[in-house]
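Colleague: This is the content of data20.pdb (PDB, C-alpha atoms and all ligand atoms):
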```pdb
ATOM      1  CA  MET A  24       9.105 -52.270-116.666
ATOM      2  CA  SER A  25      12.518 -51.512-115.234
ATOM      3  CA  MET A  26      14.802 -49.180-117.130
ATOM      4  CA  ILE A  27      18.523 -49.649-117.387
ATOM      5  CA  PHE A  28      20.333 -46.336-117.011
ATOM      6  CA  THR A  29      23.835 -46.059-118.406
ATOM      7  CA  LEU A  30      26.338 -43.358-119.246
ATOM      8  CA  ALA A  31      26.019 -42.030-122.792
ATOM      9  CA  PRO A  32      28.676 -43.804-124.863
ATOM     10  CA  GLU A  33      31.313 -41.959-126.877
ATOM     11  CA  PRO A  34      29.683 -41.023-130.184
ATOM     12  CA  GLU A  35      30.441 -42.957-133.367
ATOM     13  CA  ASP A  36      32.804 -41.076-135.688
ATOM     14  CA  GLU A  37      30.000 -40.112-138.046
ATOM     15  CA  ALA A  38      27.776 -38.670-135.304
ATOM     16  CA  ARG A  39      30.740 -36.875-133.764
ATOM     17  CA  GLU A  40      31.493 -35.263-137.114
ATOM     18  CA  THR A  41      27.831 -34.329-137.655
ATOM     19  CA  GLY A  42      27.846 -32.672-134.231
ATOM     20  CA  ARG A  43      31.131 -30.907-134.822
ATOM     21  CA  LEU A  44      29.984 -29.483-138.135
ATOM     22  CA  LEU A  45      26.613 -28.343-136.837
ATOM     23  CA  PHE A  46      28.079 -26.523-133.855
ATOM     24  CA  ALA A  47      30.939 -25.033-135.885
ATOM     25  CA  GLY A  48      28.347 -23.371-138.123
ATOM     26  CA  PRO A  49      26.230 -20.323-137.373
ATOM     27  CA  VAL A  50      24.577 -19.930-133.980
ATOM     28  CA  ASP A  51      22.572 -16.767-133.519
ATOM     29  CA  PHE A  52      20.689 -15.269-130.626
ATOM     30  CA  VAL A  53      17.059 -14.981-131.761
ATOM     31  CA  LYS A  54      15.180 -13.448-128.840
ATOM     32  CA  GLY A  55      14.552 -13.457-125.115
ATOM     33  CA  VAL A  56      10.990 -14.315-124.257
ATOM     34  CA  THR A  57       8.949 -13.597-121.126
ATOM     35  CA  SER A  58       5.577 -14.966-122.201
ATOM     36  CA  MET A  59       4.344 -17.988-124.105
ATOM     37  CA  ALA A  60       2.728 -15.682-126.678
ATOM     38  CA  ALA A  61       6.161 -14.333-127.615
ATOM     39  CA  LEU A  62       7.747 -17.713-128.433
ATOM     40  CA  PRO A  63       9.041 -17.959-131.993
ATOM     41  CA  PRO A  64       6.920 -20.014-134.417
ATOM     42  CA  ALA A  65       7.134 -23.742-133.622
ATOM     43  CA  ASP A  66       8.660 -24.542-137.004
ATOM     44  CA  ARG A  67      11.692 -26.686-136.116
ATOM     45  CA  ILE A  68      13.071 -29.107-133.560
ATOM     46  CA  GLU A  69      14.194 -27.529-130.315
ATOM     47  CA  VAL A  70      16.094 -28.722-127.272
ATOM     48  CA  CYS A  71      16.161 -26.879-123.970
ATOM     49  CA  PHE A  72      18.492 -26.692-121.013
ATOM     50  CA  ALA A  73      16.690 -26.752-117.684
ATOM     51  CA  GLY A  74      18.070 -26.963-114.182
ATOM     52  CA  ARG A  75      18.480 -25.298-110.822
ATOM     53  CA  SER A  76      19.763 -21.804-110.769
ATOM     54  CA  ASN A  77      23.560 -21.714-111.167
ATOM     55  CA  VAL A  78      23.817 -25.346-112.337
ATOM     56  CA  GLY A  79      25.630 -24.250-115.510
ATOM     57  CA  LYS A  80      22.969 -24.047-118.261
ATOM     58  CA  SER A  81      24.297 -20.929-119.952
ATOM     59  CA  SER A  82      27.911 -22.100-119.590
ATOM     60  CA  LEU A  83      27.001 -25.392-121.268
ATOM     61  CA  ILE A  84      25.463 -23.573-124.255
ATOM     62  CA  ASN A  85      28.635 -21.513-124.535
ATOM     63  CA  ALA A  86      30.818 -24.641-124.356
ATOM     64  CA  LEU A  87      28.711 -26.457-126.979
ATOM     65  CA  THR A  88      28.823 -23.538-129.375
ATOM     66  CA  GLY A  89      32.424 -22.619-128.612
ATOM     67  CA  ARG A  90      31.352 -19.030-128.030
ATOM     68  CA  LYS A  91      32.312 -17.750-124.619
ATOM     69  CA  THR A  92      29.636 -15.117-124.212
ATOM     70  CA  LEU A  93      26.729 -16.222-126.386
ATOM     71  CA  ALA A  94      24.549 -17.129-123.405
ATOM     72  CA  ARG A  95      24.971 -14.950-120.340
ATOM     73  CA  ALA A  96      26.659 -16.972-117.610
ATOM     74  CA  SER A  97      27.386 -15.641-114.159
ATOM     75  CA  ASN A  98      28.167 -16.560-110.631
ATOM     76  CA  THR A  99      25.067 -14.623-109.570
ATOM     77  CA  PRO A 100      22.183 -17.108-109.377
ATOM     78  CA  GLY A 101      19.132 -16.056-111.353
ATOM     79  CA  ARG A 102      21.204 -14.615-114.164
ATOM     80  CA  THR A 103      19.020 -15.930-116.962
ATOM     81  CA  GLN A 104      15.599 -14.341-116.477
ATOM     82  CA  GLU A 105      13.990 -15.047-119.832
ATOM     83  CA  ILE A 106      13.609 -17.969-122.176
ATOM     84  CA  ASN A 107      16.483 -17.323-124.573
ATOM     85  CA  TYR A 108      16.298 -18.715-128.086
ATOM     86  CA  PHE A 109      19.379 -19.451-130.178
ATOM     87  CA  ALA A 110      19.153 -20.660-133.763
ATOM     88  CA  LEU A 111      21.616 -23.480-134.404
ATOM     89  CA  GLY A 112      21.878 -23.583-138.164
ATOM     90  CA  GLU A 113      18.472 -23.387-139.800
ATOM     91  CA  ALA A 114      16.842 -26.505-138.446
ATOM     92  CA  ARG A 115      17.237 -26.317-134.671
ATOM     93  CA  TYR A 116      16.706 -24.049-131.702
ATOM     94  CA  LEU A 117      18.734 -24.221-128.514
ATOM     95  CA  VAL A 118      16.751 -22.843-125.589
ATOM     96  CA  ASP A 119      18.373 -21.465-122.447
ATOM     97  CA  LEU A 120      15.891 -21.427-119.572
ATOM     98  CA  PRO A 121      15.764 -19.477-116.338
ATOM     99  CA  GLY A 122      16.868 -21.568-113.370
ATOM    100  CA  TYR A 123      14.479 -22.955-110.804
ATOM    101  CA  GLY A 124      14.892 -23.385-107.065
ATOM    102  CA  TYR A 125      16.392 -19.958-106.574
ATOM    103  CA  ALA A 126      15.131 -18.493-103.345
ATOM    104  CA  GLU A 127      16.904 -15.134-103.243
ATOM    105  CA  ALA A 128      15.061 -13.184-105.950
ATOM    106  CA  PRO A 129      11.869 -11.272-105.089
ATOM    107  CA  VAL A 130       8.990 -13.705-104.636
ATOM    108  CA  ALA A 131       6.736 -12.183-107.311
ATOM    109  CA  ILE A 132       9.501 -12.333-109.900
ATOM    110  CA  VAL A 133      10.423 -15.917-109.085
ATOM    111  CA  ALA A 134       6.760 -16.906-109.317
ATOM    112  CA  ARG A 135       6.528 -15.325-112.764
ATOM    113  CA  TRP A 136       9.647 -17.122-114.098
ATOM    114  CA  GLN A 137       8.565 -20.410-112.635
ATOM    115  CA  ALA A 138       5.099 -20.179-114.147
ATOM    116  CA  LEU A 139       6.580 -19.429-117.552
ATOM    117  CA  LEU A 140       9.139 -22.220-117.216
ATOM    118  CA  LYS A 141       6.419 -24.727-116.394
ATOM    119  CA  GLN A 142       4.137 -23.551-119.204
ATOM    120  CA  TYR A 143       7.028 -23.866-121.617
ATOM    121  CA  LEU A 144       8.092 -27.344-120.474
ATOM    122  CA  ALA A 145       4.535 -28.630-120.564
ATOM    123  CA  GLY A 146       3.302 -26.950-123.728
ATOM    124  CA  ARG A 147       5.852 -26.587-126.486
ATOM    125  CA  PRO A 148       4.982 -29.010-129.281
ATOM    126  CA  THR A 149       8.386 -28.872-130.980
ATOM    127  CA  LEU A 150      10.377 -29.454-127.777
ATOM    128  CA  ARG A 151      12.135 -32.646-128.818
ATOM    129  CA  ARG A 152      14.225 -33.203-125.709
ATOM    130  CA  ALA A 153      14.748 -31.403-122.413
ATOM    131  CA  PHE A 154      18.243 -31.641-121.046
ATOM    132  CA  VAL A 155      17.915 -31.423-117.289
ATOM    133  CA  LEU A 156      21.192 -30.347-115.762
ATOM    134  CA  ILE A 157      22.233 -31.643-112.367
ATOM    135  CA  ASP A 158      25.235 -30.284-110.484
ATOM    136  CA  ALA A 159      27.558 -33.253-109.973
ATOM    137  CA  ARG A 160      28.358 -32.028-106.474
ATOM    138  CA  HIS A 161      24.722 -32.102-105.387
ATOM    139  CA  GLY A 162      22.855 -34.826-107.294
ATOM    140  CA  VAL A 163      19.090 -34.837-107.890
ATOM    141  CA  LYS A 164      17.183 -32.764-105.316
ATOM    142  CA  ALA A 165      13.467 -32.525-104.483
ATOM    143  CA  VAL A 166      13.105 -29.405-106.618
ATOM    144  CA  ASP A 167      14.548 -31.316-109.608
ATOM    145  CA  GLN A 168      12.121 -34.173-109.003
ATOM    146  CA  GLU A 169       9.228 -31.741-109.358
ATOM    147  CA  ILE A 170      10.451 -30.731-112.812
ATOM    148  CA  LEU A 171      11.053 -34.356-113.841
ATOM    149  CA  THR A 172       7.502 -35.223-112.810
ATOM    150  CA  LEU A 173       6.161 -32.305-114.835
ATOM    151  CA  LEU A 174       8.076 -33.624-117.854
ATOM    152  CA  ASP A 175       6.665 -37.128-117.302
ATOM    153  CA  ARG A 176       3.132 -35.704-117.266
ATOM    154  CA  SER A 177       3.801 -33.668-120.386
ATOM    155  CA  ALA A 178       5.414 -36.659-122.134
ATOM    156  CA  VAL A 179       8.561 -34.658-122.892
ATOM    157  CA  THR A 180      11.602 -36.924-123.049
ATOM    158  CA  PHE A 181      14.302 -35.616-120.763
ATOM    159  CA  GLN A 182      17.974 -36.494-120.506
ATOM    160  CA  ILE A 183      20.096 -35.865-117.438
ATOM    161  CA  VAL A 184      23.331 -33.948-117.906
ATOM    162  CA  LEU A 185      25.679 -33.870-114.931
ATOM    163  CA  THR A 186      27.563 -30.565-114.829
ATOM    164  CA  LYS A 187      30.791 -29.327-113.235
ATOM    165  CA  VAL A 188      32.380 -32.783-112.953
ATOM    166  CA  ASP A 189      35.761 -31.069-112.913
ATOM    167  CA  LYS A 190      34.911 -30.126-109.330
ATOM    168  CA  ILE A 191      34.630 -33.695-107.984
ATOM    169  CA  ASN A 192      36.892 -36.737-107.671
ATOM    170  CA  ARG A 193      36.385 -40.261-109.030
ATOM    171  CA  THR A 194      34.722 -41.595-105.901
ATOM    172  CA  GLU A 195      32.271 -38.708-105.794
ATOM    173  CA  ARG A 196      31.598 -39.158-109.501
ATOM    174  CA  ALA A 197      30.673 -42.819-109.073
ATOM    175  CA  ALA A 198      28.442 -41.940-106.107
ATOM    176  CA  VAL A 199      26.523 -39.168-107.863
ATOM    177  CA  ILE A 200      25.964 -41.331-110.960
ATOM    178  CA  GLU A 201      24.413 -44.002-108.725
ATOM    179  CA  GLN A 202      22.250 -41.382-107.018
ATOM    180  CA  VAL A 203      20.999 -40.106-110.373
ATOM    181  CA  LYS A 204      20.232 -43.625-111.634
ATOM    182  CA  GLY A 205      18.170 -44.262-108.504
ATOM    183  CA  ALA A 206      16.327 -40.961-108.851
ATOM    184  CA  LEU A 207      15.412 -41.690-112.486
ATOM    185  CA  ALA A 208      13.921 -45.095-111.861
ATOM    186  CA  LYS A 209      10.390 -43.791-111.328
ATOM    187  CA  HIS A 210      10.325 -41.468-114.363
ATOM    188  CA  PRO A 211       8.824 -42.835-117.562
ATOM    189  CA  ALA A 212       9.997 -39.795-119.585
ATOM    190  CA  ALA A 213      13.673 -40.319-118.700
ATOM    191  CA  TYR A 214      15.999 -41.036-121.600
ATOM    192  CA  PRO A 215      18.130 -43.919-120.347
ATOM    193  CA  GLN A 216      21.574 -42.371-120.951
ATOM    194  CA  ILE A 217      23.229 -39.869-118.619
ATOM    195  CA  VAL A 218      25.739 -37.375-120.016
ATOM    196  CA  VAL A 219      28.643 -36.349-117.781
ATOM    197  CA  THR A 220      30.053 -32.904-118.593
ATOM    198  CA  SER A 221      32.423 -30.135-117.689
ATOM    199  CA  SER A 222      31.967 -26.863-119.553
ATOM    200  CA  GLU A 223      35.243 -25.809-117.987
ATOM    201  CA  LYS A 224      37.338 -28.779-119.211
ATOM    202  CA  GLY A 225      35.286 -29.846-122.221
ATOM    203  CA  GLU A 226      34.396 -33.323-120.983
ATOM    204  CA  GLY A 227      31.188 -34.664-122.581
ATOM    205  CA  ILE A 228      30.796 -31.700-124.927
ATOM    206  CA  GLU A 229      31.399 -33.629-128.155
ATOM    207  CA  THR A 230      29.023 -36.323-126.945
ATOM    208  CA  LEU A 231      26.282 -33.788-126.305
ATOM    209  CA  ARG A 232      26.885 -32.102-129.665
ATOM    210  CA  ALA A 233      26.478 -35.463-131.388
ATOM    211  CA  ILE A 234      23.278 -36.217-129.450
ATOM    212  CA  ILE A 235      21.716 -32.869-130.386
ATOM    213  CA  ALA A 236      22.854 -33.019-134.010
ATOM    214  CA  THR A 237      21.442 -36.495-134.593
ATOM    215  CA  LEU A 238      17.993 -35.955-133.005
ATOM    216  CA  GLU A 239      15.253 -36.334-135.573
TER     217      GLU A 239
HETATM  218  N1  LIG B 301      34.174 -25.431-112.533
HETATM  219  C1  LIG B 301      33.113 -25.286-113.329
HETATM  220  N2  LIG B 301      32.306 -24.214-113.180
HETATM  221  C2  LIG B 301      31.232 -24.110-113.980
HETATM  222  C3  LIG B 301      30.925 -25.086-114.963
HETATM  223  N3  LIG B 301      29.776 -24.729-115.580
HETATM  224  C4  LIG B 301      29.404 -23.553-115.028
HETATM  225  N4  LIG B 301      30.264 -23.176-114.056
HETATM  226  C5  LIG B 301      30.169 -21.956-113.224
HETATM  227  O1  LIG B 301      28.932 -21.954-112.530
HETATM  228  C6  LIG B 301      28.376 -20.634-112.446
HETATM  229  C7  LIG B 301      26.963 -20.617-112.990
HETATM  230  O2  LIG B 301      26.994 -20.897-114.376
HETATM  231  P1  LIG B 301      25.813 -20.444-115.356
HETATM  232  O3  LIG B 301      26.134 -21.079-116.656
HETATM  233  O4  LIG B 301      25.590 -18.979-115.313
HETATM  234  O5  LIG B 301      24.578 -21.171-114.668
HETATM  235  P2  LIG B 301      23.035 -21.114-115.077
HETATM  236  O6  LIG B 301      22.495 -22.471-114.819
HETATM  237  O7  LIG B 301      22.877 -20.569-116.453
HETATM  238  O8  LIG B 301      22.459 -20.091-113.993
HETATM  239  P3  LIG B 301      21.070 -19.224-114.022
HETATM  240  O9  LIG B 301      20.968 -18.586-115.358
HETATM  241  O10 LIG B 301      21.265 -18.251-112.912
HETATM  242  O11 LIG B 301      19.977 -20.186-113.735
HETATM  243  C8  LIG B 301      29.357 -19.728-113.205
HETATM  244  O12 LIG B 301      30.225 -19.116-112.273
HETATM  245  C9  LIG B 301      30.117 -20.708-114.101
HETATM  246  O13 LIG B 301      31.413 -20.256-114.413
HETATM  247  C10 LIG B 301      31.817 -26.221-115.104
HETATM  248  O14 LIG B 301      31.644 -27.136-115.927
HETATM  249  N5  LIG B 301      32.869 -26.251-114.249
HETATM  250 MG    MG B 302      21.788 -19.016-117.164
END
```
Could you take the file, read its structure, and then write that structure out as structure tokens?
Modeller:
Amino acid sequence: MSMIFTLAPEPEDEARETGRLLFAGPVDFVKGVTSMAALPPADRIEVCFAGRSNVGKSSLINALTGRKTLARASNTPGRTQEINYFALGEARYLVDLPGYGYAEAPVAIVARWQALLKQYLAGRPTLRRAFVLIDARHGVKAVDQEILTLLDRSAVTFQIVLTKVDKINRTERAAVIEQVKGALAKHPAAYPQIVVTSSEKGEGIETLRAIIATLE
């Protein structure tokens, strides 16, 4: 079977409004978790944000929720060192994950984060969709492919979100979209729509809000 990958369309008015309302409501930090045993009860749908260190996971959560400092974002790679749970209204969790592919932190610490990240991605029954963020300047790398393969094996649907598109021009944008489409071809767990975003300029944010708000 060959999959057709496209860009996520602009949301319909109704979905856009559902997304706007959900994200304009309460969003609360629940807890930071460093072991699977400490995860909150699996009692509602959750979506997570995975990606290489510094790709913009925490910034995207802040842009979605319109709160500048809800998730800790920083230019220092490895900023997010726990699995951070945010309650979005009463029926959803947003999950900010530690980055992968970060070589600078002490080896033992990186190994611990990575093990937890993999256990989480492979073993959370209520994880409804994993958003895998890809820096639009870099495209899909080998270290991303490893995570995508893990998600395939765990049968967790993942959706690619290109980040930081404000940093590239139109030609580069077209090229990276093609690269991503090619990289997704061999992944059965890939959701066929790619979301293009800029947390800085707001591009794609309403689309992503609508996607999250209308997941069932
Ligand atoms: N220009 C631009 N910069 C961005 C964007 N998103 C994030 N950044 C910057 O990229 C850097 C990393 O962002 P974070 O959101 O902390 O990245 P992260 O993926 O959470 O990083 P870790 O927690 O270390 O894995 C910060 O300096 C952000 O300001 C964007 O859309 N555009
Ligand atoms: Mg972070």
Colleague: Using only C-alpha atoms for the distances, tell me which of A:Ile84, A:Met59, A:Ala94, A:Leu207 is nearest to Trp136 (chain A).
Modeller: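 Among A:Ile84, A:Met59, A:Ala94, A:Leu207, it is A:Met59 that comes nearest to Trp136 (chain A).
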Colleague: Return as a PyMOL selection string the set of residues that the PyMOL selection byres (((chain A and resi 176-184) around 6) and not hetatm) yields on the displayed structure.
Modeller: chain A and resi 145+152-156+173-175+185+212-214+217-219
Colleague: Using all atoms listed in the file, which residue out of A:Ala61, A:Ile228, A:Val56, A:Ala110 lies closest to ligand LIG 301 (chain B)?
Modeller: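 Checking each candidate against ligand LIG 301 (chain B), we get A:Ile228 as the closest.
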Colleague: When you look at Leu140 (chain A) with a cut-off of 9 Å (counting only C-alpha atoms), what residues show up, excluding the ones that are within fewer than 5 positions of it in the same chain? I need them as a PyMOL selection string.
Modeller: chain A and resi 73+106+120-123+135+145
Colleague: With the file shown as input, list the residues that the PyMOL selection byres (((not hetatm)) within 7 of (chain B and resi 301)) selects, as number ranges by chain.
Modeller: A: 74-83, 95-104, 121-123, 186-190, 220-224
Colleague: In Å to one decimal, how far is CA of Asp36 (chain A) from CA of Asp119 (chain A)?
Modeller: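 Straight-line distance from CA of Asp119 (chain A) to CA of Asp36 (chain A) works out to 27.7 Å.
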Colleague: What separation in Å, quoted to one decimal, exists between CA of Lys164 (chain A) and CA of Gly146 (chain A)?
Modeller: 23.8 Å
Colleague: So which one's closest to ligand MG 302 (chain B), A:Arg43, A:Pro148, A:Tyr116, A:Glu105? Using all atoms listed in the file, please.
Modeller: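 That would be A:Glu105, the residue with the smallest distance to ligand MG 302 (chain B).
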Colleague: Given the choices A:Ile200, A:Ala47, A:Phe72, A:Tyr125, which gets closest to Thr88 (chain A) if the distance is worked out from only C-alpha atoms?
Modeller: A:Ala47
Colleague: Could you list, as a PyMOL selection string, every residue matched by the PyMOL selection byres (((chain A and resi 46) around 10) and not hetatm) in this structure?
Modeller: chain A and resi 40-45+47-50+87-89+111-112+229+232-233+235-236
Colleague: What is the CA of Leu238 (chain A)-CA of Val53 (chain A) distance in Å, reported with one decimal?
Modeller: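 About the pair CA of Leu238 (chain A) and CA of Val53 (chain A): they are 21.0 Å apart.
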Colleague: Between A:Ala165, A:Leu171, A:Leu93, A:Pro211, which one has atoms that come closest to ligand MG 302 (chain B), using only C-alpha atoms and all ligand atoms?
Modeller: A:Leu93
Colleague: Return as JSON the centre and edge lengths, in Å with one decimal, of the box along x, y and z that encloses every atom of region 106-112 of chain A in the file, padded by 3 Å per side.
Modeller:
```
{"center_x": 17.7, "center_y": -20.5, "center_z": -130.2, "size_x": 14.3, "size_y": 12.3, "size_z": 22.0}
```
Colleague: Using all atoms listed in the file, which of A:Ala60, A:Asp66, A:Val203, A:Asn107 sits nearest ligand MG 302 (chain B)?
Modeller: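 The closest residue to ligand MG 302 (chain B) is A:Asn107.
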Colleague: List the neighbours of Gln202 (chain A) out to 9 Å using all atoms listed in the file; skip same-chain residues closer than 5 positions along the sequence, and give me the result as a PyMOL selection string.
Modeller: chain A and resi 162-163+197+207
Colleague: Keeping C-alpha atoms, export the residues of the selection given above as an mmCIF file, in the frame of the given file.
Modeller:
```cif
data_model
loop_
_atom_site.group_PDB
_atom_site.id
_atom_site.type_symbol
_atom_site.label_atom_id
_atom_site.label_comp_id
_atom_site.auth_asym_id
_atom_site.auth_seq_id
_atom_site.Cartn_x
_atom_site.Cartn_y
_atom_site.Cartn_z
ATOM 1 C CA GLY A 162 22.855 -34.826 -107.294
ATOM 2 C CA VAL A 163 19.090 -34.837 -107.890
ATOM 3 C CA ALA A 197 30.673 -42.819 -109.073
ATOM 4 C CA LEU A 207 15.412 -41.690 -112.486
#
```
Colleague: At the level of C-alpha atoms, write region 80-164 of chain A to a file as a PDB file, in the first residue's frame, please.
Modeller:
```pdb
ATOM      1  CA  LYS A  80       8.594  21.137  21.694  1.00  0.00           C
ATOM      2  CA  SER A  81       8.164  23.353  24.735  1.00  0.00           C
ATOM      3  CA  SER A  82       7.817  26.484  22.581  1.00  0.00           C
ATOM      4  CA  LEU A  83       5.056  24.791  20.584  1.00  0.00           C
ATOM      5  CA  ILE A  84       3.109  23.963  23.766  1.00  0.00           C
ATOM      6  CA  ASN A  85       3.450  27.589  24.826  1.00  0.00           C
ATOM      7  CA  ALA A  86       2.266  28.817  21.409  1.00  0.00           C
ATOM      8  CA  LEU A  87      -0.717  26.428  21.404  1.00  0.00           C
ATOM      9  CA  THR A  88      -1.798  27.456  24.875  1.00  0.00           C
ATOM     10  CA  GLY A  89      -0.965  31.127  24.408  1.00  0.00           C
ATOM     11  CA  ARG A  90       1.027  31.054  27.632  1.00  0.00           C
ATOM     12  CA  LYS A  91       4.600  32.157  27.171  1.00  0.00           C
ATOM     13  CA  THR A  92       6.162  30.289  30.057  1.00  0.00           C
ATOM     14  CA  LEU A  93       3.916  27.302  30.720  1.00  0.00           C
ATOM     15  CA  ALA A  94       6.444  24.811  29.355  1.00  0.00           C
ATOM     16  CA  ARG A  95      10.080  25.660  29.965  1.00  0.00           C
ATOM     17  CA  ALA A  96      11.703  26.589  26.665  1.00  0.00           C
ATOM     18  CA  SER A  97      15.347  27.480  26.296  1.00  0.00           C
ATOM     19  CA  ASN A  98      18.187  27.801  23.903  1.00  0.00           C
ATOM     20  CA  THR A  99      20.107  25.302  26.037  1.00  0.00           C
ATOM     21  CA  PRO A 100      19.503  21.840  24.558  1.00  0.00           C
ATOM     22  CA  GLY A 101      18.283  19.299  27.083  1.00  0.00           C
ATOM     23  CA  ARG A 102      16.126  21.825  28.881  1.00  0.00           C
ATOM     24  CA  THR A 103      13.181  19.508  29.406  1.00  0.00           C
ATOM     25  CA  GLN A 104      14.456  16.633  31.546  1.00  0.00           C
ATOM     26  CA  GLU A 105      11.197  15.063  32.667  1.00  0.00           C
ATOM     27  CA  ILE A 106       7.934  14.012  31.111  1.00  0.00           C
ATOM     28  CA  ASN A 107       5.799  17.070  31.831  1.00  0.00           C
ATOM     29  CA  TYR A 108       2.040  16.687  32.023  1.00  0.00           C
ATOM     30  CA  PHE A 109      -0.362  19.548  31.352  1.00  0.00           C
ATOM     31  CA  ALA A 110      -4.114  19.179  31.744  1.00  0.00           C
ATOM     32  CA  LEU A 111      -5.950  20.803  28.841  1.00  0.00           C
ATOM     33  CA  GLY A 112      -9.465  21.215  30.143  1.00  0.00           C
ATOM     34  CA  GLU A 113     -10.680  18.080  31.878  1.00  0.00           C
ATOM     35  CA  ALA A 114     -10.541  15.591  29.049  1.00  0.00           C
ATOM     36  CA  ARG A 115      -7.020  15.833  27.639  1.00  0.00           C
ATOM     37  CA  TYR A 116      -3.378  15.796  28.625  1.00  0.00           C
ATOM     38  CA  LEU A 117      -0.639  17.537  26.681  1.00  0.00           C
ATOM     39  CA  VAL A 118       2.710  15.864  27.295  1.00  0.00           C
ATOM     40  CA  ASP A 119       6.032  17.642  26.845  1.00  0.00           C
ATOM     41  CA  LEU A 120       8.847  15.125  26.434  1.00  0.00           C
ATOM     42  CA  PRO A 121      12.584  15.375  26.926  1.00  0.00           C
ATOM     43  CA  GLY A 122      14.436  15.713  23.631  1.00  0.00           C
ATOM     44  CA  TYR A 123      16.408  12.910  22.062  1.00  0.00           C
ATOM     45  CA  GLY A 124      19.656  13.001  20.116  1.00  0.00           C
ATOM     46  CA  TYR A 125      21.340  15.357  22.534  1.00  0.00           C
ATOM     47  CA  ALA A 126      24.956  14.386  22.909  1.00  0.00           C
ATOM     48  CA  GLU A 127      26.240  17.006  25.344  1.00  0.00           C
ATOM     49  CA  ALA A 128      24.621  15.906  28.614  1.00  0.00           C
ATOM     50  CA  PRO A 129      26.353  13.323  30.831  1.00  0.00           C
ATOM     51  CA  VAL A 130      26.008   9.867  29.295  1.00  0.00           C
ATOM     52  CA  ALA A 131      24.278   8.255  32.288  1.00  0.00           C
ATOM     53  CA  ILE A 132      21.665  10.998  32.412  1.00  0.00           C
ATOM     54  CA  VAL A 133      20.969  10.860  28.689  1.00  0.00           C
ATOM     55  CA  ALA A 134      20.603   7.083  28.905  1.00  0.00           C
ATOM     56  CA  ARG A 135      18.059   7.467  31.701  1.00  0.00           C
ATOM     57  CA  TRP A 136      15.940  10.035  29.790  1.00  0.00           C
ATOM     58  CA  GLN A 137      16.080   8.020  26.621  1.00  0.00           C
ATOM     59  CA  ALA A 138      14.996   4.832  28.355  1.00  0.00           C
ATOM     60  CA  LEU A 139      12.062   6.630  29.938  1.00  0.00           C
ATOM     61  CA  LEU A 140      11.130   8.305  26.654  1.00  0.00           C
ATOM     62  CA  LYS A 141      11.085   4.964  24.867  1.00  0.00           C
ATOM     63  CA  GLN A 142       9.098   3.236  27.616  1.00  0.00           C
ATOM     64  CA  TYR A 143       6.576   6.046  27.491  1.00  0.00           C
ATOM     65  CA  LEU A 144       6.214   6.057  23.696  1.00  0.00           C
ATOM     66  CA  ALA A 145       5.856   2.292  23.567  1.00  0.00           C
ATOM     67  CA  GLY A 146       3.674   1.729  26.612  1.00  0.00           C
ATOM     68  CA  ARG A 147       1.117   4.415  27.311  1.00  0.00           C
ATOM     69  CA  PRO A 148      -2.338   3.055  26.502  1.00  0.00           C
ATOM     70  CA  THR A 149      -4.060   6.447  26.360  1.00  0.00           C
ATOM     71  CA  LEU A 150      -1.464   8.038  24.060  1.00  0.00           C
ATOM     72  CA  ARG A 151      -3.768   8.903  21.178  1.00  0.00           C
ATOM     73  CA  ARG A 152      -1.255  10.602  18.910  1.00  0.00           C
ATOM     74  CA  ALA A 153       2.441  11.433  19.069  1.00  0.00           C
ATOM     75  CA  PHE A 154       3.387  14.655  17.378  1.00  0.00           C
ATOM     76  CA  VAL A 155       6.949  14.212  16.197  1.00  0.00           C
ATOM     77  CA  LEU A 156       8.565  17.576  15.659  1.00  0.00           C
ATOM     78  CA  ILE A 157      11.120  18.051  12.915  1.00  0.00           C
ATOM     79  CA  ASP A 158      13.191  21.212  12.562  1.00  0.00           C
ATOM     80  CA  ALA A 159      12.366  22.603   9.119  1.00  0.00           C
ATOM     81  CA  ARG A 160      16.009  23.531   8.618  1.00  0.00           C
ATOM     82  CA  HIS A 161      17.207  19.965   9.119  1.00  0.00           C
ATOM     83  CA  GLY A 162      14.515  17.521   7.970  1.00  0.00           C
ATOM     84  CA  VAL A 163      14.198  13.931   9.216  1.00  0.00           C
ATOM     85  CA  LYS A 164      17.488  12.540  10.557  1.00  0.00           C
TER      86      LYS A 164
END
```
